[in-house]
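Coordinates from data_8.cif are shown below (mmCIF, C-alpha atoms and all ligand atoms).
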```
data_model
loop_
_atom_site.label_atom_id
_atom_site.label_comp_id
_atom_site.auth_asym_id
_atom_site.auth_seq_id
_atom_site.Cartn_x
_atom_site.Cartn_y
_atom_site.Cartn_z
CA MET G 515 53.99 -6.95 -33.14
CA LYS G 516 51.50 -8.47 -30.71
CA PHE G 517 49.59 -6.00 -28.55
CA ILE G 518 46.35 -6.90 -26.80
CA VAL G 519 43.79 -4.43 -25.48
CA ALA G 520 41.14 -5.96 -23.19
CA ILE G 521 38.01 -3.87 -22.65
CA ASP G 522 35.51 -5.31 -20.20
CA GLY G 523 32.45 -3.85 -18.56
CA THR G 524 28.75 -3.90 -17.87
CA ALA G 525 26.02 -4.11 -20.51
CA ALA G 526 25.31 -0.79 -22.23
CA SER G 527 28.26 0.94 -20.56
CA GLY G 528 29.54 2.06 -23.97
CA LYS G 529 32.43 -0.42 -24.04
CA GLY G 530 31.55 -1.75 -27.52
CA THR G 531 31.64 1.67 -29.19
CA LEU G 532 34.83 2.59 -27.33
CA ALA G 533 36.49 -0.70 -28.26
CA LYS G 534 35.57 -0.37 -31.94
CA LYS G 535 36.80 3.23 -32.13
CA THR G 536 40.00 2.32 -30.28
CA ALA G 537 40.71 -0.45 -32.79
CA ASN G 538 40.02 1.94 -35.69
CA HIS G 539 42.31 4.56 -34.24
CA PHE G 540 45.30 2.24 -33.89
CA GLY G 541 44.53 0.01 -36.90
CA PHE G 542 44.10 -2.99 -34.58
CA LYS G 543 41.75 -5.91 -35.25
CA TYR G 544 38.55 -5.88 -33.23
CA LEU G 545 36.43 -8.65 -31.71
CA ASP G 546 33.11 -8.05 -29.95
CA THR G 547 33.08 -11.22 -27.85
CA GLY G 548 29.46 -10.64 -26.76
CA ILE G 549 28.41 -11.47 -30.32
CA LEU G 550 29.83 -14.99 -29.85
CA TYR G 551 27.60 -15.62 -26.83
CA ARG G 552 24.68 -14.03 -28.63
CA VAL G 553 25.04 -16.24 -31.70
CA VAL G 554 25.17 -19.35 -29.50
CA ALA G 555 22.00 -18.15 -27.73
CA TYR G 556 20.32 -17.55 -31.09
CA TYR G 557 21.37 -20.94 -32.47
CA LEU G 558 20.16 -22.82 -29.37
CA LYS G 559 16.84 -20.99 -29.46
CA SER G 560 16.33 -21.69 -33.17
CA ALA G 561 17.29 -25.35 -32.77
CA GLU G 562 15.13 -25.59 -29.62
CA ILE G 563 18.03 -26.91 -27.56
CA HIS G 564 17.39 -26.11 -23.91
CA SER G 565 19.83 -28.40 -22.14
CA GLU G 566 22.78 -30.68 -22.90
CA ILE G 567 24.64 -28.12 -24.98
CA SER G 568 27.46 -29.77 -26.95
CA LYS G 569 30.77 -28.62 -28.40
CA GLN G 570 29.23 -29.27 -31.84
CA ASN G 571 26.38 -26.86 -31.02
CA VAL G 572 28.90 -24.12 -30.25
CA GLN G 573 30.86 -24.80 -33.44
CA ASP G 574 27.67 -24.79 -35.51
CA SER G 575 26.65 -21.49 -33.92
CA LEU G 576 29.95 -19.85 -34.86
CA ARG G 577 29.50 -20.99 -38.44
CA LEU G 578 26.44 -18.71 -38.64
CA LEU G 579 28.75 -15.72 -38.22
CA ILE G 580 30.66 -16.52 -41.41
CA ASN G 581 27.50 -17.03 -43.42
CA LYS G 582 27.17 -13.79 -45.37
CA ASP G 583 23.37 -14.09 -45.51
CA PHE G 584 23.09 -14.19 -41.73
CA GLN G 585 21.83 -10.89 -40.32
CA LEU G 586 23.54 -9.72 -37.16
CA SER G 587 20.41 -7.71 -36.33
CA HIS G 588 18.84 -11.04 -35.22
CA LEU G 589 21.27 -10.99 -32.31
CA ARG G 590 20.55 -7.49 -31.01
CA ASN G 591 17.24 -7.77 -29.22
CA GLU G 592 16.32 -8.04 -25.55
CA GLU G 593 15.34 -11.72 -25.76
CA ILE G 594 18.73 -12.75 -27.15
CA SER G 595 20.54 -10.39 -24.75
CA LEU G 596 19.02 -12.15 -21.76
CA LYS G 597 19.42 -15.62 -23.26
CA ALA G 598 23.09 -14.90 -24.03
CA SER G 599 23.63 -13.90 -20.43
CA ILE G 600 21.96 -17.14 -19.26
CA ILE G 601 23.82 -19.54 -21.60
CA SER G 602 27.12 -17.82 -20.79
CA LYS G 603 27.05 -19.66 -17.44
CA ASN G 604 27.57 -22.94 -19.31
CA LYS G 605 31.07 -24.45 -19.14
CA ILE G 606 30.97 -26.10 -22.57
CA VAL G 607 29.97 -22.80 -24.14
CA ARG G 608 32.67 -20.82 -22.31
CA ASP G 609 35.46 -23.36 -22.91
CA ASN G 610 34.78 -23.57 -26.62
CA LEU G 611 34.53 -19.83 -27.10
CA LEU G 612 37.73 -19.34 -25.11
CA THR G 613 39.92 -20.99 -27.76
CA TYR G 614 38.38 -18.85 -30.50
CA GLN G 615 38.92 -15.64 -28.53
CA ARG G 616 42.53 -16.44 -27.58
CA GLU G 617 43.46 -17.24 -31.16
CA PHE G 618 41.95 -13.96 -32.26
CA ALA G 619 43.79 -12.02 -29.56
CA MET G 620 47.19 -13.47 -30.46
CA GLN G 621 47.17 -12.21 -34.05
CA GLU G 622 49.98 -9.95 -35.20
CA GLY G 623 49.35 -6.22 -35.57
CA GLY G 624 47.40 -5.50 -32.38
CA THR G 625 43.95 -6.59 -31.24
CA VAL G 626 41.12 -5.15 -29.18
CA LEU G 627 38.59 -7.49 -27.56
CA ASP G 628 35.58 -6.35 -25.58
CA GLY G 629 33.51 -8.47 -23.23
CA ARG G 630 33.17 -9.48 -19.61
CA ASP G 631 36.20 -11.65 -18.84
CA ILE G 632 38.84 -10.58 -21.35
CA GLY G 633 41.25 -9.04 -18.83
CA THR G 634 40.64 -11.72 -16.19
CA VAL G 635 40.37 -15.02 -18.09
CA VAL G 636 40.70 -14.77 -21.87
CA CYS G 637 43.83 -12.56 -21.91
CA PRO G 638 45.11 -12.17 -18.36
CA ASN G 639 48.41 -10.94 -19.84
CA ALA G 640 46.82 -8.26 -22.04
CA ASP G 641 49.02 -5.20 -22.54
CA ILE G 642 46.18 -2.86 -21.57
CA LYS G 643 43.07 -3.59 -19.56
CA ILE G 644 40.15 -1.21 -19.27
CA PHE G 645 37.00 -1.74 -17.23
CA VAL G 646 34.06 0.39 -18.35
CA ASP G 647 30.99 1.06 -16.22
CA ALA G 648 28.26 3.67 -15.75
CA ASP G 649 25.24 4.20 -13.47
CA ILE G 650 22.41 1.88 -14.35
CA GLU G 651 19.91 4.70 -15.04
CA ILE G 652 22.33 6.26 -17.48
CA ARG G 653 23.03 2.95 -19.25
CA ALA G 654 19.29 2.28 -19.49
CA LYS G 655 18.58 5.74 -20.88
CA ARG G 656 21.24 5.28 -23.57
CA ARG G 657 19.75 1.90 -24.53
CA TYR G 658 16.26 3.43 -24.59
CA ASP G 659 17.38 6.27 -26.86
CA GLN G 660 18.95 3.71 -29.21
CA TYR G 661 15.63 1.86 -29.39
CA LEU G 662 13.69 5.03 -30.10
CA LYS G 663 16.13 5.93 -32.84
CA LYS G 664 16.04 2.45 -34.35
CA ASN G 665 12.25 2.36 -34.33
CA SER G 666 11.88 5.80 -35.86
CA ASN G 667 14.42 4.95 -38.59
CA SER G 668 12.76 1.67 -39.51
CA ASN G 669 9.19 2.85 -38.88
CA SER G 670 8.77 -0.45 -37.13
CA ASN G 671 6.49 -1.05 -34.19
CA SER G 672 8.70 -3.71 -32.69
CA ASN G 673 9.71 -2.91 -29.14
CA SER G 674 7.32 0.03 -29.22
CA ASN G 675 5.99 -1.10 -25.83
CA LEU G 676 9.43 -1.06 -24.31
CA ASN G 677 9.83 1.56 -21.61
CA LEU G 678 12.71 2.80 -19.52
CA SER G 679 11.80 0.78 -16.45
CA ASP G 680 11.69 -2.45 -18.54
CA ILE G 681 15.23 -1.69 -19.67
CA ILE G 682 16.40 -0.96 -16.11
CA ASP G 683 14.90 -4.32 -15.02
CA ASP G 684 16.52 -6.10 -17.92
CA LEU G 685 19.98 -4.59 -17.29
CA THR G 686 19.69 -5.30 -13.56
CA LYS G 687 18.93 -8.94 -14.32
CA ARG G 688 21.83 -9.23 -16.75
CA ASP G 689 24.27 -7.49 -14.39
CA TYR G 690 23.25 -9.91 -11.66
CA ILE G 691 23.73 -13.01 -13.83
CA ASP G 692 27.00 -11.75 -15.32
CA LYS G 693 28.50 -10.78 -11.96
CA ASN G 694 27.34 -13.77 -9.96
CA ARG G 695 27.95 -16.72 -12.26
CA GLN G 696 30.47 -19.27 -11.08
CA LEU G 697 32.61 -19.30 -14.23
CA SER G 698 34.45 -16.16 -15.31
CA PRO G 699 32.11 -13.68 -13.62
CA LEU G 700 32.12 -10.06 -14.65
CA VAL G 701 34.68 -8.40 -12.42
CA SER G 702 37.36 -5.82 -13.04
CA ALA G 703 40.88 -7.20 -13.32
CA LYS G 704 43.06 -5.84 -10.50
CA ASP G 705 45.35 -4.16 -13.01
CA ALA G 706 42.57 -2.61 -15.14
CA TYR G 707 42.01 1.12 -15.60
CA LEU G 708 38.48 1.97 -14.41
CA LEU G 709 36.56 4.18 -16.81
CA ASP G 710 33.23 5.49 -15.53
CA THR G 711 31.30 6.80 -18.52
CA SER G 712 28.31 8.10 -16.50
CA ASN G 713 29.21 11.75 -16.92
CA ILE G 714 31.55 11.87 -19.89
CA THR G 715 30.96 11.74 -23.63
CA SER G 716 32.01 8.80 -25.72
CA ASP G 717 34.67 11.04 -27.33
CA ASP G 718 36.14 11.89 -23.92
CA GLY G 719 36.23 8.19 -23.01
CA LEU G 720 37.97 7.43 -26.29
CA LYS G 721 40.55 10.17 -25.71
CA LYS G 722 41.36 8.70 -22.31
CA ILE G 723 41.82 5.19 -23.74
CA ILE G 724 43.97 6.46 -26.61
CA GLN G 725 46.15 8.28 -24.09
CA ILE G 726 46.60 5.15 -21.95
CA ILE G 727 47.49 2.97 -24.95
CA SER G 728 49.79 5.56 -26.56
CA ARG G 729 51.75 5.88 -23.33
CA LYS G 730 52.30 2.13 -23.26
CA LEU G 731 53.22 1.90 -26.94
CA GLU G 732 55.83 4.65 -26.53
CA LYS G 733 57.65 2.74 -23.78
O1 LIG W 801 28.46 -7.63 -24.49
P1 LIG W 801 27.08 -8.22 -24.79
O2 LIG W 801 25.97 -7.48 -24.09
O3 LIG W 801 26.81 -8.35 -26.24
O4 LIG W 801 27.12 -9.71 -24.17
C1 LIG W 801 26.01 -10.56 -24.13
C2 LIG W 801 26.18 -11.57 -23.01
O5 LIG W 801 27.25 -12.48 -23.33
C3 LIG W 801 26.54 -11.02 -21.66
O6 LIG W 801 25.40 -10.68 -20.89
C4 LIG W 801 27.34 -12.11 -21.01
C5 LIG W 801 27.96 -12.84 -22.16
N1 LIG W 801 29.38 -12.55 -22.34
C6 LIG W 801 30.27 -13.21 -21.52
O7 LIG W 801 29.85 -13.97 -20.65
N2 LIG W 801 31.60 -13.04 -21.69
C7 LIG W 801 32.06 -12.19 -22.63
N3 LIG W 801 33.39 -12.05 -22.79
C8 LIG W 801 31.18 -11.48 -23.46
C9 LIG W 801 29.83 -11.66 -23.27
#
```

Rewrite the coordinates I just gave you, this time as C-alpha cells.
Amino acid sequence: MKFIVAIDGTAASGKGTLAKKTANHFGFKYLDTGILYRVVAYYLKSAEIHSEISKQNVQDSLRLLINKDFQLSHLRNEEISLKASIISKNKIVRDNLLTYQREFAMQEGGTVLDGRDIGTVVCPNADIKIFVDADIEIRAKRRYDQYLKKNSNSNSNSNSNLNLSDIIDDLTKRDYIDKNRQLSPLVSAKDAYLLDTSNITSDDGLKKIIQIISRKLEK
C-alpha cells in the first residue's frame, strides 16, 4: 500500500514532532525534509562554498547523513537554520533534493514527510495534506524553552546569550525567506487541512491528525 502524508508549515510550529508521532502511530516511514536542507547548508559552510553550488555538492552533503559518526546535533543551531533557509532558494539544491524526497515518499507501507513544499511540489498528489502554523510569539517561546532545557541538560554555555527577541527576529527572517522565495515558497496547498497549534497541546494536534488520516484510510 502506498499512502503519503504531507505535513508542511512554518519553523517551530510543531510540525516535526507531529509528523514523527503520526508516523509512529500508523507505522509509516518518516522523513524530516528540513534535515536535507540543513545538511547541505552545513556541508557548504564546512567546505567554504559560497556560490556555484553543484549537483555533486548536494550528493556529497547527503552522504554525511549516512555516515554513522556524523552528529545530527551539528545541524540544529540558529546559524545552520538561517543558512538552510538561504540555500533553499537555490535551484540546483531544490532539484536534487526533490528526487530524493519523491523516492522516499513512494515507498510501500505509508510515508510521512514534513517540510515546506511537500503538499505543493514534492507530493502534490499526497493522500493527506496538513499545514501547521502558530503565532510567532508562541513559536518563539517554544524554541526558547527548548534552548533553556538543552542548555540546562548539557550544562553548556552555548547560546546562553540567546533571548526571546533574538528568536522572534530569527523566525521572522526565516518565515520571510521561506514564504517569499521564487522556487517552491512556503504556502499552504489549497487542499490542505489547516492546523493552528497556537492554543492547543501537541497531543491535541496529534489526535486531530490521527482522526483525519483514519477517516481517509477507512474509505
Ligand atoms: O524544517 P526546518 O526548520 O528544519 O527547515 C530548514 C530550512 O530548510 C527551512 O527554513 C527552509 C528549508 N526547507 C525547504 O525549503 N523545503 C523543505 N521541504 C524543508 C525545508

Taking all atoms listed in the file into account, list the residues no farther than 6 Å from ligand LIG 801 (chain W), as an mmCIF file with C-alpha atoms, in the frame of the given file.
```
data_model
loop_
_atom_site.group_PDB
_atom_site.id
_atom_site.type_symbol
_atom_site.label_atom_id
_atom_site.label_comp_id
_atom_site.auth_asym_id
_atom_site.auth_seq_id
_atom_site.Cartn_x
_atom_site.Cartn_y
_atom_site.Cartn_z
ATOM 1 C CA ALA G 525 26.020 -4.110 -20.510
ATOM 2 C CA THR G 547 33.080 -11.220 -27.850
ATOM 3 C CA GLY G 548 29.460 -10.640 -26.760
ATOM 4 C CA ILE G 549 28.410 -11.470 -30.320
ATOM 5 C CA TYR G 551 27.600 -15.620 -26.830
ATOM 6 C CA ARG G 552 24.680 -14.030 -28.630
ATOM 7 C CA SER G 595 20.540 -10.390 -24.750
ATOM 8 C CA ALA G 598 23.090 -14.900 -24.030
ATOM 9 C CA SER G 599 23.630 -13.900 -20.430
ATOM 10 C CA SER G 602 27.120 -17.820 -20.790
ATOM 11 C CA GLY G 629 33.510 -8.470 -23.230
ATOM 12 C CA ARG G 630 33.170 -9.480 -19.610
ATOM 13 C CA ASP G 631 36.200 -11.650 -18.840
ATOM 14 C CA ILE G 632 38.840 -10.580 -21.350
ATOM 15 C CA ARG G 688 21.830 -9.230 -16.750
ATOM 16 C CA ASP G 692 27.000 -11.750 -15.320
#
```

Open item on the list: I'd like the contact shell of G:Ser565 - 12 Å cut-off, all atoms listed in the file, skipping same-chain residues fewer than 3 positions apart - returned as a PyMOL selection string.
Closed with: chain G and resi 555+558-559+561-562+568+571+600-601+604+606-607

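Between G:Arg616 and the residues G:Ile644, G:Arg657, G:Val635, G:Ser560, the shortest atom-to-atom distance, using all atoms listed in the file, involves G:Val635.
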
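Within the 9 Å cut-off around G:Thr634, using all atoms listed in the file and omitting residues fewer than 4 positions from it on the same chain, the listed residues are Arg630, Pro638, Asn639, Ser698, Leu700, Val701, Ser702, Ala703 and Lys704 of chain G.
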
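With distances restricted to only C-alpha atoms, G:Lys605 is the closest residue to G:Gln696 from G:Lys605, G:Asp649, G:Ile594, G:Gly530.
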
Distance table requested - stretch 518-635 of chain G against stretch 720-727 of chain G, cut-off 8 Å, all atoms listed in the file: one row per qualifying residue with the closest atom pair and its distance in Å to one decimal, ordered by chain and rising residue number, as CSV.
```
residue,atom,partner,partner_atom,distance
G:Leu532,CA,G:Leu720,CA,5.9
G:Lys535,CA,G:Leu720,CA,7.3
G:Thr536,CA,G:Leu720,CA,6.8
```

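Of the listed residues (G:Ala654, G:Asp717, G:Arg695, G:Phe517), G:Arg695 comes nearest to G:Arg608; the distances count all atoms listed in the file.
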
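Atom CA of G:Ala520 lies 4.7 Å from atom CA of G:Lys643.
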
- [ ] For each of G:Ile563, G:Val626, G:Leu550, G:Leu589, take the minimum atom-to-atom distance to G:Leu576, counting all atoms listed in the file, then give the residue where this is smallest.
- [x] G:Leu550

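Atom CA of G:Thr524 is found 14.3 Å from atom CA of G:Leu627.
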
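The smallest atom-to-atom distance between G:Leu731 and any of G:Ile642, G:Glu593, G:Arg656, G:Leu579, using all atoms listed in the file, is found for G:Ile642.
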
Task: Separation of atom CA of G:Leu709 from atom CA of G:Asp641 in Å - done: 16.6 Å

Open item on the list: Env of G:Leu578: 9 Å cut, atoms = all atoms listed in the file, seq-sep filter 5 positions within chain, self excluded. Answer as a PyMOL selection string.
Closed with: chain G and resi 553+557+583-584

Just give me the residues with any atom within 9 Å of (42.1, -13.6, -30.4), file coordinates, counting only C-alpha atoms, written as a PDB file with C-alpha atoms, in the coordinates of the input.
```pdb
ATOM      1  CA  ILE G 518      46.350  -6.900 -26.800  1.00  0.00           C
ATOM      2  CA  TYR G 544      38.550  -5.880 -33.230  1.00  0.00           C
ATOM      3  CA  LEU G 545      36.430  -8.650 -31.710  1.00  0.00           C
ATOM      4  CA  LEU G 612      37.730 -19.340 -25.110  1.00  0.00           C
ATOM      5  CA  THR G 613      39.920 -20.990 -27.760  1.00  0.00           C
ATOM      6  CA  TYR G 614      38.380 -18.850 -30.500  1.00  0.00           C
ATOM      7  CA  GLN G 615      38.920 -15.640 -28.530  1.00  0.00           C
ATOM      8  CA  ARG G 616      42.530 -16.440 -27.580  1.00  0.00           C
ATOM      9  CA  GLU G 617      43.460 -17.240 -31.160  1.00  0.00           C
ATOM     10  CA  PHE G 618      41.950 -13.960 -32.260  1.00  0.00           C
ATOM     11  CA  ALA G 619      43.790 -12.020 -29.560  1.00  0.00           C
ATOM     12  CA  MET G 620      47.190 -13.470 -30.460  1.00  0.00           C
ATOM     13  CA  GLN G 621      47.170 -12.210 -34.050  1.00  0.00           C
ATOM     14  CA  THR G 625      43.950  -6.590 -31.240  1.00  0.00           C
ATOM     15  CA  VAL G 626      41.120  -5.150 -29.180  1.00  0.00           C
ATOM     16  CA  LEU G 627      38.590  -7.490 -27.560  1.00  0.00           C
ATOM     17  CA  VAL G 636      40.700 -14.770 -21.870  1.00  0.00           C
ATOM     18  CA  CYS G 637      43.830 -12.560 -21.910  1.00  0.00           C
TER      19      CYS G 637
END
```

Is it possible to get the axis-aligned box enclosing stretch 708-717 of chain G (all listed atoms, 3 Å extra per side) as JSON, with centre and edge lengths in Å rounded to one decimal?
```
{"center_x": 33.4, "center_y": 6.9, "center_z": -20.9, "size_x": 16.2, "size_y": 15.9, "size_z": 18.9}
```

Open item on the list: What's around G:Ser679 at 12 Å? Count only C-alpha atoms, leave out sequence neighbours fewer than 3 positions away in its own chain, and write the answer as a list in words.
Closed with: Ile650, Glu651, Ile652, Arg653, Ala654, Lys655, Arg657, Tyr658, Asn675, Leu676, Ile682, Asp683, Asp684, Leu685 and Thr686 of chain G

For those residues, write C-alpha atoms to a file as a PDB file, in the coordinates of the input.
```pdb
ATOM      1  CA  ILE G 650      22.410   1.880 -14.350  1.00  0.00           C
ATOM      2  CA  GLU G 651      19.910   4.700 -15.040  1.00  0.00           C
ATOM      3  CA  ILE G 652      22.330   6.260 -17.480  1.00  0.00           C
ATOM      4  CA  ARG G 653      23.030   2.950 -19.250  1.00  0.00           C
ATOM      5  CA  ALA G 654      19.290   2.280 -19.490  1.00  0.00           C
ATOM      6  CA  LYS G 655      18.580   5.740 -20.880  1.00  0.00           C
ATOM      7  CA  ARG G 657      19.750   1.900 -24.530  1.00  0.00           C
ATOM      8  CA  TYR G 658      16.260   3.430 -24.590  1.00  0.00           C
ATOM      9  CA  ASN G 675       5.990  -1.100 -25.830  1.00  0.00           C
ATOM     10  CA  LEU G 676       9.430  -1.060 -24.310  1.00  0.00           C
ATOM     11  CA  ILE G 682      16.400  -0.960 -16.110  1.00  0.00           C
ATOM     12  CA  ASP G 683      14.900  -4.320 -15.020  1.00  0.00           C
ATOM     13  CA  ASP G 684      16.520  -6.100 -17.920  1.00  0.00           C
ATOM     14  CA  LEU G 685      19.980  -4.590 -17.290  1.00  0.00           C
ATOM     15  CA  THR G 686      19.690  -5.300 -13.560  1.00  0.00           C
TER      16      THR G 686
END
```
